[in-house]
Amino acid sequence: MRPKWFSNAFIYLIIFVAVIAIFFTLFSSSDAPEETDLTTIISMARTEQISKIIIDGDRLLVTPRTSPDRLLVATKEPGTSIFDIFAAAGIDPAERSIQIQVKSTGGLGSVFGVLLQFLPLLFFGAILLFMMRQAQGSNNQTLGFGRSRARLFSGDRPTVTFSDVAGIEEPKAELQEIVEFLKYPERFLSLGAHIPKGVLMVGPPGTGKTLLSRAVAGEAGVPFYSISGSEFVEMFVGVGAARVRDLFEQAKRNAPAIVFIDEIDAVGRHRGAGLGGGHDEREQTLNQILVEMDGFDTSTNVIVIAATNRPDILDPALLRPGRFDRRVVLDLPDINGRAAILKVHCAGKPLDEDVNFEVVARQTPGFSGADLANLANEAAILAAHREHKTVTIDDLLESVDRVTMGPERRTRVISEHEREIVAYHEGGHALVGHLLDHADPVQKISIVSRGMAAGYTKSMPIEDHLFYSKPQLMDRIAMALGGRAAEEITFGEVTTGASNDLEQVTQMARAMVTRYGMGDDLLPRTFGKRDDLIFLGREIAETRDYSEKSAQEIDSQVEHIIEDAHSTAKRLLTEQYAKLVQIARHLIAHETVEGDALEKLFASEAPPLDAAMPAPA
């Protein structure tokens, strides 16, 4: 297909030539020769007033001897020679020193002369043609609103296959059936089986929904149409439905094919809950998607794959059998999945021999595939910044902290007293977490500022948890309150440094009572119902389905949980205050402690308190 500018190049050239010719025609009129007759020319020749005559066809261009810059023009009879005219008048050009020159005229000059006469007509014709083409282009652009903006990825050269996807083996196995159907449809059709017309992939952001759909297209080797749900909707009514029709028509012409709609919740929200009523543009687009999916012919071999992280707000008609009749759930990867994902993203990077992906995976619970890809990239950047030849395990572990909390801020100015407060605060978190049986093991303590935090204590579970018991949650709350308790014991006052800890503690304790049924004097039920306003797409309100008496009891239970956890943290730190002072002093001296050094610090015997140490308040 030729570019648009190339098709208009001829019109631009005609306009340019016409403008140049008209310019020379208008501005060269001052140098035009002076018209005269043949009798005057003969008279001037007799008196030797002519120095040169140029014969241009039937025109005579005469240069006077007295005025070389002056030019006269006369016309002779066609078919006669100037020499015959001068001989009849008794004039010898040689005797009177008249130089006669014949100018040759070809067909090209005649044609150019004719074109020069028609230049104004050509100029205005070219302008008219240009305006018509512009109007036609604007019309095509207007009609192009209804065309699909889906990007086509050919299946001849797959860029992503199942080998590039790790950590989600069960979803890969489910989608393997779709690959086999696209490759060998006769195997299924011979048994009367029909492949699901739609596959809805559900999962948190970054878990690989888009990547997995690309892998399906790469494995099957079929055309892959990718579009976002927001690309259907425009300000013009009916455009989204027209784009849906165009998309499915393209897919049917190139069947077998895959249509991938990312973020389908942009157009697939529950109908009737918006502000536009039944004439809302999104609802018309959704209606067209429903019609197109339910109208598929069994031999079309077009499969729709959609991805969303909000399946709860999708319209029920979209989820019924016959449309999206298969749901593939992509959850956050476990420790083995995280190790496999790290291997995929580190495949093209030079790694040190001591790199152990299981160690990194153990310190990244809750990371998605996108988070792990970012971690691997940050590790490579950090290794280059440190001028390493390979990516080491230290680079990977440091990148974990950089991704979760941000880079270190060693240039942050902090007084010695505040530095001491941070050391005791973080030491309180770590010591309480170490002493409690159900708390996650402490992996690292640091008083180096990262992001908005003045210091941090990192604890990681030995294995991934799907469920948490009440003792585990109680110990997590007590560990979170360990920093505030250490400030109270050591300095006799508290600071604003525990604000984030208190927010987490309050949220966790309230969830234990209202969502998990862990209140002592309350029925095992949930309290409160979170309502979604679908057209905003987020939770903004909570319906109270309990009485004021129950609300008071809930507040009492939350206070009781927090008070018990705070008492536990304060008791442990008071009993082991010498160990708290030892940890705080070690942090003030070394700033960060982790790994074997942290284990030795916990296992060592704390020195006795002396007068130089702050006494417990």
# chains A, B, ... in the order shown; residues from 1 in each chain; ligands from 1
$ closest_atom_pairs --of "region 433-509 of chain A" --to "region 592-607 of chain A" --cutoff "12 Å" --atoms "only C-alpha atoms" --output "CSV"
residue,atom,partner,partner_atom,distance
A:Gly433,CA,A:Phe602,CA,11.3
A:His434,CA,A:Phe602,CA,8.0
A:Leu435,CA,A:Phe602,CA,9.7
A:Pro441,CA,A:Glu599,CA,10.4
A:Val442,CA,A:Leu598,CA,8.6
A:Gln443,CA,A:Glu594,CA,5.9
A:Lys444,CA,A:Glu594,CA,4.3
A:Ile445,CA,A:Val593,CA,5.5
A:Ser446,CA,A:Thr592,CA,4.2
A:Ile447,CA,A:Thr592,CA,6.5
A:Val448,CA,A:Thr592,CA,7.3
A:Ser449,CA,A:Thr592,CA,10.8
A:Gly455,CA,A:Thr592,CA,9.6
A:Tyr456,CA,A:Thr592,CA,9.7
A:Thr457,CA,A:Thr592,CA,9.9
A:Lys458,CA,A:Glu594,CA,9.3
A:Ser459,CA,A:Glu594,CA,10.6
$ residues_around --residues "Asp464 (chain A)" --least-positions-apart "5" --cutoff "12 Å" --atoms "only C-alpha atoms" --output "list of chain:residue names"
A:Leu332, A:Pro333, A:Asp334, A:Ile335, A:Asn336, A:Gly337, A:Arg338, A:Ala361, A:Arg362, A:Gln363, A:Thr364, A:Pro365, A:Gly366, A:Phe367, A:Asp440
$ atom_distance --atom1 "CA of Asp294 (chain A)" --atom2 "CA of Lys183 (chain A)"
22.7 Å
$ closest_residue --among "A:Ala87, A:Val400, A:Ala241, A:Ile168" --to "Asp331 (chain A)" --atoms "only C-alpha atoms"
A:Ile168
$ select_by_dssp --residues "region 260-335 of chain A" --states "strand (DSSP E or B)" --output "PyMOL selection string"
chain A and resi 260-262+269+302-308+314+324-329
$ write_last_selection --atoms "N, CA and C atoms" --output "short mmCIF file (atom, residue, chain, number, x, y, z; two decimals), in the first residue's frame"
data_model
loop_
_atom_site.label_atom_id
_atom_site.label_comp_id
_atom_site.auth_asym_id
_atom_site.auth_seq_id
_atom_site.Cartn_x
_atom_site.Cartn_y
_atom_site.Cartn_z
N PHE A 260 -8.41 -11.35 21.46
CA PHE A 260 -8.07 -11.09 22.86
C PHE A 260 -8.54 -9.69 23.23
N ILE A 261 -9.41 -9.60 24.24
CA ILE A 261 -9.93 -8.33 24.73
C ILE A 261 -9.38 -8.12 26.14
N ASP A 262 -8.45 -7.21 26.27
CA ASP A 262 -7.85 -6.93 27.57
C ASP A 262 -8.71 -5.92 28.33
N ARG A 269 -19.30 -4.07 32.05
CA ARG A 269 -19.89 -3.88 33.37
C ARG A 269 -21.38 -4.20 33.36
N VAL A 302 -13.20 -19.39 15.81
CA VAL A 302 -12.74 -18.13 16.39
C VAL A 302 -12.99 -18.20 17.89
N ILE A 303 -11.96 -18.00 18.66
CA ILE A 303 -12.03 -18.10 20.11
C ILE A 303 -11.76 -16.73 20.71
N VAL A 304 -12.58 -16.35 21.66
CA VAL A 304 -12.44 -15.07 22.34
C VAL A 304 -11.80 -15.32 23.71
N ILE A 305 -10.71 -14.62 23.97
CA ILE A 305 -10.05 -14.66 25.27
C ILE A 305 -10.11 -13.26 25.85
N ALA A 306 -10.60 -13.14 27.05
CA ALA A 306 -10.70 -11.84 27.71
C ALA A 306 -10.00 -11.91 29.06
N ALA A 307 -9.53 -10.75 29.51
CA ALA A 307 -8.82 -10.67 30.78
C ALA A 307 -9.39 -9.54 31.61
N THR A 308 -9.49 -9.79 32.91
CA THR A 308 -9.98 -8.77 33.84
C THR A 308 -9.51 -9.11 35.24
N LEU A 314 -18.78 -7.81 36.16
CA LEU A 314 -19.17 -8.13 34.79
C LEU A 314 -20.64 -8.51 34.72
N PHE A 324 -18.72 -16.60 27.60
CA PHE A 324 -17.51 -16.94 28.36
C PHE A 324 -17.87 -18.10 29.28
N ASP A 325 -17.76 -19.29 28.73
CA ASP A 325 -18.18 -20.47 29.48
C ASP A 325 -17.01 -21.20 30.13
N ARG A 326 -15.83 -20.62 30.11
CA ARG A 326 -14.70 -21.20 30.84
C ARG A 326 -13.94 -20.07 31.53
N ARG A 327 -13.68 -20.26 32.79
CA ARG A 327 -12.97 -19.25 33.57
C ARG A 327 -11.64 -19.83 34.02
N VAL A 328 -10.56 -19.15 33.70
CA VAL A 328 -9.21 -19.55 34.08
C VAL A 328 -8.70 -18.55 35.10
N VAL A 329 -8.41 -19.03 36.30
CA VAL A 329 -7.97 -18.17 37.39
C VAL A 329 -6.45 -18.19 37.48
#
$ closest_residue --among "A:Asp92, A:Glu180, A:Asp315, A:Glu559" --to "Gln507 (chain A)" --atoms "only C-alpha atoms"
A:Glu559
$ residues_around --residues "Thr495 (chain A)" --least-positions-apart "6" --cutoff "10 Å" --atoms "only C-alpha atoms" --output "list of chain:residue names"
A:Glu418, A:Ile421, A:His425, A:Arg484, A:Glu487, A:Glu488
$ write_last_selection --atoms "N, CA and C atoms" --output "mmCIF file, in the first residue's frame"
data_model
loop_
_atom_site.group_PDB
_atom_site.id
_atom_site.type_symbol
_atom_site.label_atom_id
_atom_site.label_comp_id
_atom_site.auth_asym_id
_atom_site.auth_seq_id
_atom_site.Cartn_x
_atom_site.Cartn_y
_atom_site.Cartn_z
ATOM 1 N N GLU A 418 17.097 10.971 67.224
ATOM 2 C CA GLU A 418 16.113 10.298 66.371
ATOM 3 C C GLU A 418 16.676 8.989 65.827
ATOM 4 N N ILE A 421 16.108 6.557 68.496
ATOM 5 C CA ILE A 421 14.699 6.169 68.564
ATOM 6 C C ILE A 421 14.384 5.128 67.497
ATOM 7 N N HIS A 425 13.121 1.355 68.068
ATOM 8 C CA HIS A 425 11.828 1.022 67.461
ATOM 9 C C HIS A 425 11.939 -0.251 66.616
ATOM 10 N N ARG A 484 6.348 0.556 69.018
ATOM 11 C CA ARG A 484 5.773 1.546 69.933
ATOM 12 C C ARG A 484 6.060 1.155 71.379
ATOM 13 N N GLU A 487 9.565 2.117 72.369
ATOM 14 C CA GLU A 487 9.684 3.549 72.630
ATOM 15 C C GLU A 487 9.147 3.882 74.019
ATOM 16 N N GLU A 488 8.017 3.279 74.396
ATOM 17 C CA GLU A 488 7.427 3.553 75.704
ATOM 18 C C GLU A 488 8.364 3.110 76.830
#
$ closest_residue --among "A:Ala166, A:Val291, A:Leu502, A:Ala485" --to "Leu342 (chain A)" --atoms "only C-alpha atoms"
A:Ala166
$ select_by_dssp --residues "region 382-575 of chain A" --states "helix (DSSP H, G or I)" --output "ChimeraX atom specification"
/A:382-385,393-405,416-435,470-480,482-491,496-514,548-575
$ write_last_selection --atoms "C-alpha atoms" --output "CSV table (one decimal), in the first residue's frame"
chain,number,residue,atom,x,y,z
A,382,LEU,CA,22.2,-2.4,40.2
A,383,ALA,CA,24.9,-4.8,39.1
A,384,ALA,CA,25.9,-2.5,36.2
A,385,HIS,CA,25.9,0.5,38.6
A,393,ILE,CA,22.8,-12.9,44.8
A,394,ASP,CA,23.4,-9.7,46.7
A,395,ASP,CA,22.2,-7.7,43.8
A,396,LEU,CA,19.0,-9.7,43.7
A,397,LEU,CA,18.4,-9.5,47.4
A,398,GLU,CA,19.1,-5.7,47.4
A,399,SER,CA,16.6,-5.4,44.5
A,400,VAL,CA,13.9,-7.0,46.7
A,401,ASP,CA,14.2,-4.1,49.1
A,402,ARG,CA,14.4,-1.5,46.3
A,403,VAL,CA,11.2,-2.8,44.7
A,404,THR,CA,9.2,-3.1,47.9
A,405,MET,CA,10.4,0.0,49.7
A,416,GLU,CA,21.5,11.2,66.9
A,417,HIS,CA,18.5,11.1,69.2
A,418,GLU,CA,16.1,10.3,66.4
A,419,ARG,CA,18.6,7.7,65.1
A,420,GLU,CA,18.5,6.1,68.6
A,421,ILE,CA,14.7,6.2,68.6
A,422,VAL,CA,14.6,4.4,65.2
A,423,ALA,CA,17.1,1.8,66.4
A,424,TYR,CA,15.0,0.9,69.5
A,425,HIS,CA,11.8,1.0,67.5
A,426,GLU,CA,13.1,-1.5,64.9
A,427,GLY,CA,14.8,-3.5,67.6
A,428,GLY,CA,11.4,-3.8,69.4
A,429,HIS,CA,9.7,-5.1,66.2
A,430,ALA,CA,12.5,-7.7,65.6
A,431,LEU,CA,12.8,-8.9,69.2
A,432,VAL,CA,9.1,-9.4,69.7
A,433,GLY,CA,8.8,-11.2,66.4
A,434,HIS,CA,11.8,-13.4,67.4
A,435,LEU,CA,10.3,-14.3,70.8
A,470,LYS,CA,-6.0,-16.5,65.4
A,471,PRO,CA,-2.6,-17.0,67.2
A,472,GLN,CA,-0.8,-16.1,64.0
A,473,LEU,CA,-2.7,-12.9,63.6
A,474,MET,CA,-2.4,-12.0,67.3
A,475,ASP,CA,1.4,-12.5,67.1
A,476,ARG,CA,1.6,-10.3,63.9
A,477,ILE,CA,-0.3,-7.6,65.7
A,478,ALA,CA,2.0,-7.9,68.8
A,479,MET,CA,5.1,-7.7,66.5
A,480,ALA,CA,3.6,-4.6,64.8
A,482,GLY,CA,6.7,-3.9,69.3
A,483,GLY,CA,8.2,-0.7,68.0
A,484,ARG,CA,5.8,1.5,69.9
A,485,ALA,CA,6.2,-0.6,73.1
A,486,ALA,CA,10.0,-0.2,72.8
A,487,GLU,CA,9.7,3.5,72.6
A,488,GLU,CA,7.4,3.6,75.7
A,489,ILE,CA,9.8,1.4,77.8
A,490,THR,CA,13.0,3.1,76.8
A,491,PHE,CA,12.1,6.8,76.5
A,496,THR,CA,4.8,9.5,65.2
A,497,GLY,CA,7.0,6.8,63.8
A,498,ALA,CA,4.4,4.1,64.8
A,499,SER,CA,1.6,5.7,62.7
A,500,ASN,CA,1.8,3.2,59.9
A,501,ASP,CA,2.0,0.3,62.4
A,502,LEU,CA,-1.1,1.5,64.2
A,503,GLU,CA,-3.0,1.7,60.9
A,504,GLN,CA,-2.1,-1.9,60.1
A,505,VAL,CA,-2.9,-3.1,63.6
A,506,THR,CA,-6.3,-1.4,63.6
A,507,GLN,CA,-7.2,-2.8,60.1
A,508,MET,CA,-6.1,-6.3,61.1
A,509,ALA,CA,-7.9,-6.4,64.4
A,510,ARG,CA,-11.1,-5.1,62.9
A,511,ALA,CA,-10.9,-7.7,60.1
A,512,MET,CA,-10.5,-10.4,62.7
A,513,VAL,CA,-13.8,-9.3,64.4
A,514,THR,CA,-15.9,-8.3,61.4
A,548,GLU,CA,-25.7,-0.1,67.4
A,549,LYS,CA,-25.2,-2.5,70.3
A,550,SER,CA,-23.3,-4.8,68.0
A,551,ALA,CA,-21.2,-1.9,66.8
A,552,GLN,CA,-20.2,-1.1,70.4
A,553,GLU,CA,-19.4,-4.8,71.0
A,554,ILE,CA,-17.2,-4.8,67.8
A,555,ASP,CA,-15.3,-1.7,69.0
A,556,SER,CA,-14.9,-3.4,72.4
A,557,GLN,CA,-13.5,-6.6,70.8
A,558,VAL,CA,-11.1,-4.6,68.6
A,559,GLU,CA,-9.8,-2.7,71.6
A,560,HIS,CA,-9.4,-6.0,73.5
A,561,ILE,CA,-7.4,-7.6,70.8
A,562,ILE,CA,-5.1,-4.6,70.4
A,563,GLU,CA,-4.7,-4.2,74.2
A,564,ASP,CA,-3.8,-7.9,74.6
A,565,ALA,CA,-1.2,-7.7,71.8
A,566,HIS,CA,0.3,-4.5,73.2
A,567,SER,CA,0.5,-6.0,76.7
A,568,THR,CA,2.3,-9.1,75.2
A,569,ALA,CA,4.8,-6.9,73.3
A,570,LYS,CA,5.5,-4.7,76.4
A,571,ARG,CA,5.9,-7.7,78.7
A,572,LEU,CA,8.4,-9.5,76.4
A,573,LEU,CA,10.5,-6.3,75.9
A,574,THR,CA,10.6,-5.6,79.6
A,575,GLU,CA,11.7,-9.2,80.3
$ atom_distance --atom1 "CA of Ala74 (chain A)" --atom2 "CA of Ala94 (chain A)"
20.6 Å
$ residues_around --residues "region 316-322 of chain A" --least-positions-apart "5" --cutoff "9 Å" --atoms "only C-alpha atoms" --output "tab-separated table (two decimals) with N, CA, C and O atoms, in the first residue's frame"
chain	number	residue	atom	x	y	z
A	196	PRO	N	-14.82	-24.27	23.96
A	196	PRO	CA	-15.46	-23.08	24.55
A	196	PRO	C	-15.29	-21.86	23.65
A	196	PRO	O	-14.20	-21.59	23.14
A	197	LYS	N	-16.38	-21.13	23.47
A	197	LYS	CA	-16.33	-19.96	22.60
A	197	LYS	C	-15.59	-18.80	23.25
A	197	LYS	O	-15.05	-17.95	22.56
A	198	GLY	N	-15.61	-18.76	24.56
A	198	GLY	CA	-14.94	-17.68	25.26
A	198	GLY	C	-14.23	-18.18	26.49
A	198	GLY	O	-14.72	-19.05	27.20
A	200	LEU	N	-12.41	-16.62	29.90
A	200	LEU	CA	-12.22	-15.44	30.73
A	200	LEU	C	-11.09	-15.71	31.71
A	200	LEU	O	-11.17	-16.62	32.54
A	268	GLY	N	-17.74	-4.30	29.75
A	268	GLY	CA	-18.58	-5.42	30.15
A	268	GLY	C	-19.20	-5.29	31.52
A	268	GLY	O	-19.63	-6.29	32.10
A	270	HIS	N	-21.88	-4.44	34.54
A	270	HIS	CA	-23.28	-4.82	34.72
A	270	HIS	C	-24.19	-3.76	34.10
A	270	HIS	O	-24.07	-2.57	34.41
A	286	LEU	N	-21.50	-3.55	24.69
A	286	LEU	CA	-21.64	-4.85	25.34
A	286	LEU	C	-22.70	-5.69	24.65
A	286	LEU	O	-22.50	-6.91	24.43
A	289	ILE	N	-21.19	-7.22	21.62
A	289	ILE	CA	-20.28	-8.32	21.95
A	289	ILE	C	-21.07	-9.58	22.27
A	289	ILE	O	-20.72	-10.70	21.84
A	290	LEU	N	-22.15	-9.43	23.02
A	290	LEU	CA	-22.99	-10.58	23.36
A	290	LEU	C	-23.57	-11.22	22.10
A	290	LEU	O	-23.58	-12.45	21.97
A	293	MET	N	-20.71	-13.02	20.02
A	293	MET	CA	-20.21	-14.26	20.62
A	293	MET	C	-21.25	-15.37	20.54
A	293	MET	O	-20.91	-16.53	20.30
A	294	ASP	N	-22.50	-15.04	20.74
A	294	ASP	CA	-23.54	-16.06	20.72
A	294	ASP	C	-23.91	-16.45	19.30
A	294	ASP	O	-24.54	-17.47	19.08
A	327	ARG	N	-13.68	-20.26	32.79
A	327	ARG	CA	-12.97	-19.25	33.57
A	327	ARG	C	-11.64	-19.83	34.02
A	327	ARG	O	-11.59	-20.89	34.66
$ decode --residues "region 373-439 of chain A" --atoms "C-alpha atoms" --output "JSON list (two decimals), in the first residue's frame"
[["chain", "number", "residue", "atom", "x", "y", "z"],
["A", 373, "ALA", "CA", 10.33, -9.22, 36.07],
["A", 374, "ASN", "CA", 10.90, -5.76, 37.52],
["A", 375, "LEU", "CA", 13.05, -7.27, 40.28],
["A", 376, "ALA", "CA", 15.28, -9.06, 37.75],
["A", 377, "ASN", "CA", 15.67, -5.86, 35.74],
["A", 378, "GLU", "CA", 16.49, -3.82, 38.85],
["A", 379, "ALA", "CA", 19.11, -6.39, 39.82],
["A", 380, "ALA", "CA", 20.78, -6.08, 36.40],
["A", 381, "ILE", "CA", 20.72, -2.26, 36.67],
["A", 382, "LEU", "CA", 22.19, -2.43, 40.18],
["A", 383, "ALA", "CA", 24.94, -4.83, 39.05],
["A", 384, "ALA", "CA", 25.87, -2.46, 36.21],
["A", 385, "HIS", "CA", 25.91, 0.48, 38.63],
["A", 386, "ARG", "CA", 28.25, -1.46, 40.92],
["A", 387, "GLU", "CA", 30.43, -2.35, 37.88],
["A", 388, "HIS", "CA", 29.91, -6.08, 38.32],
["A", 389, "LYS", "CA", 30.52, -8.46, 35.45],
["A", 390, "THR", "CA", 27.66, -10.72, 36.55],
["A", 391, "VAL", "CA", 24.45, -10.41, 38.58],
["A", 392, "THR", "CA", 25.10, -11.70, 42.09],
["A", 393, "ILE", "CA", 22.76, -12.94, 44.81],
["A", 394, "ASP", "CA", 23.43, -9.71, 46.74],
["A", 395, "ASP", "CA", 22.17, -7.69, 43.76],
["A", 396, "LEU", "CA", 18.98, -9.73, 43.67],
["A", 397, "LEU", "CA", 18.36, -9.47, 47.40],
["A", 398, "GLU", "CA", 19.05, -5.74, 47.40],
["A", 399, "SER", "CA", 16.59, -5.38, 44.51],
["A", 400, "VAL", "CA", 13.89, -6.99, 46.67],
["A", 401, "ASP", "CA", 14.18, -4.08, 49.10],
["A", 402, "ARG", "CA", 14.42, -1.54, 46.28],
["A", 403, "VAL", "CA", 11.23, -2.82, 44.66],
["A", 404, "THR", "CA", 9.22, -3.07, 47.89],
["A", 405, "MET", "CA", 10.39, 0.03, 49.73],
["A", 406, "GLY", "CA", 12.56, 2.09, 47.39],
["A", 407, "PRO", "CA", 16.30, 2.81, 47.25],
["A", 408, "GLU", "CA", 18.33, 3.64, 50.31],
["A", 409, "ARG", "CA", 18.38, 7.31, 51.39],
["A", 410, "ARG", "CA", 21.74, 7.53, 53.16],
["A", 411, "THR", "CA", 21.98, 11.28, 52.55],
["A", 412, "ARG", "CA", 18.91, 11.92, 54.72],
["A", 413, "VAL", "CA", 19.89, 14.11, 57.67],
["A", 414, "ILE", "CA", 18.77, 12.70, 61.04],
["A", 415, "SER", "CA", 19.83, 13.65, 64.55],
["A", 416, "GLU", "CA", 21.54, 11.22, 66.90],
["A", 417, "HIS", "CA", 18.52, 11.15, 69.20],
["A", 418, "GLU", "CA", 16.11, 10.30, 66.37],
["A", 419, "ARG", "CA", 18.60, 7.70, 65.12],
["A", 420, "GLU", "CA", 18.52, 6.12, 68.58],
["A", 421, "ILE", "CA", 14.70, 6.17, 68.56],
["A", 422, "VAL", "CA", 14.64, 4.38, 65.18],
["A", 423, "ALA", "CA", 17.13, 1.77, 66.45],
["A", 424, "TYR", "CA", 15.03, 0.94, 69.51],
["A", 425, "HIS", "CA", 11.83, 1.02, 67.46],
["A", 426, "GLU", "CA", 13.08, -1.46, 64.88],
["A", 427, "GLY", "CA", 14.78, -3.51, 67.56],
["A", 428, "GLY", "CA", 11.42, -3.77, 69.35],
["A", 429, "HIS", "CA", 9.75, -5.12, 66.20],
["A", 430, "ALA", "CA", 12.52, -7.66, 65.63],
["A", 431, "LEU", "CA", 12.82, -8.88, 69.23],
["A", 432, "VAL", "CA", 9.07, -9.36, 69.71],
["A", 433, "GLY", "CA", 8.85, -11.20, 66.39],
["A", 434, "HIS", "CA", 11.78, -13.42, 67.40],
["A", 435, "LEU", "CA", 10.31, -14.30, 70.79],
["A", 436, "LEU", "CA", 6.76, -15.11, 69.63],
["A", 437, "ASP", "CA", 6.07, -18.67, 68.49],
["A", 438, "HIS", "CA", 3.63, -17.91, 65.67],
["A", 439, "ALA", "CA", 5.32, -14.82, 64.16]]
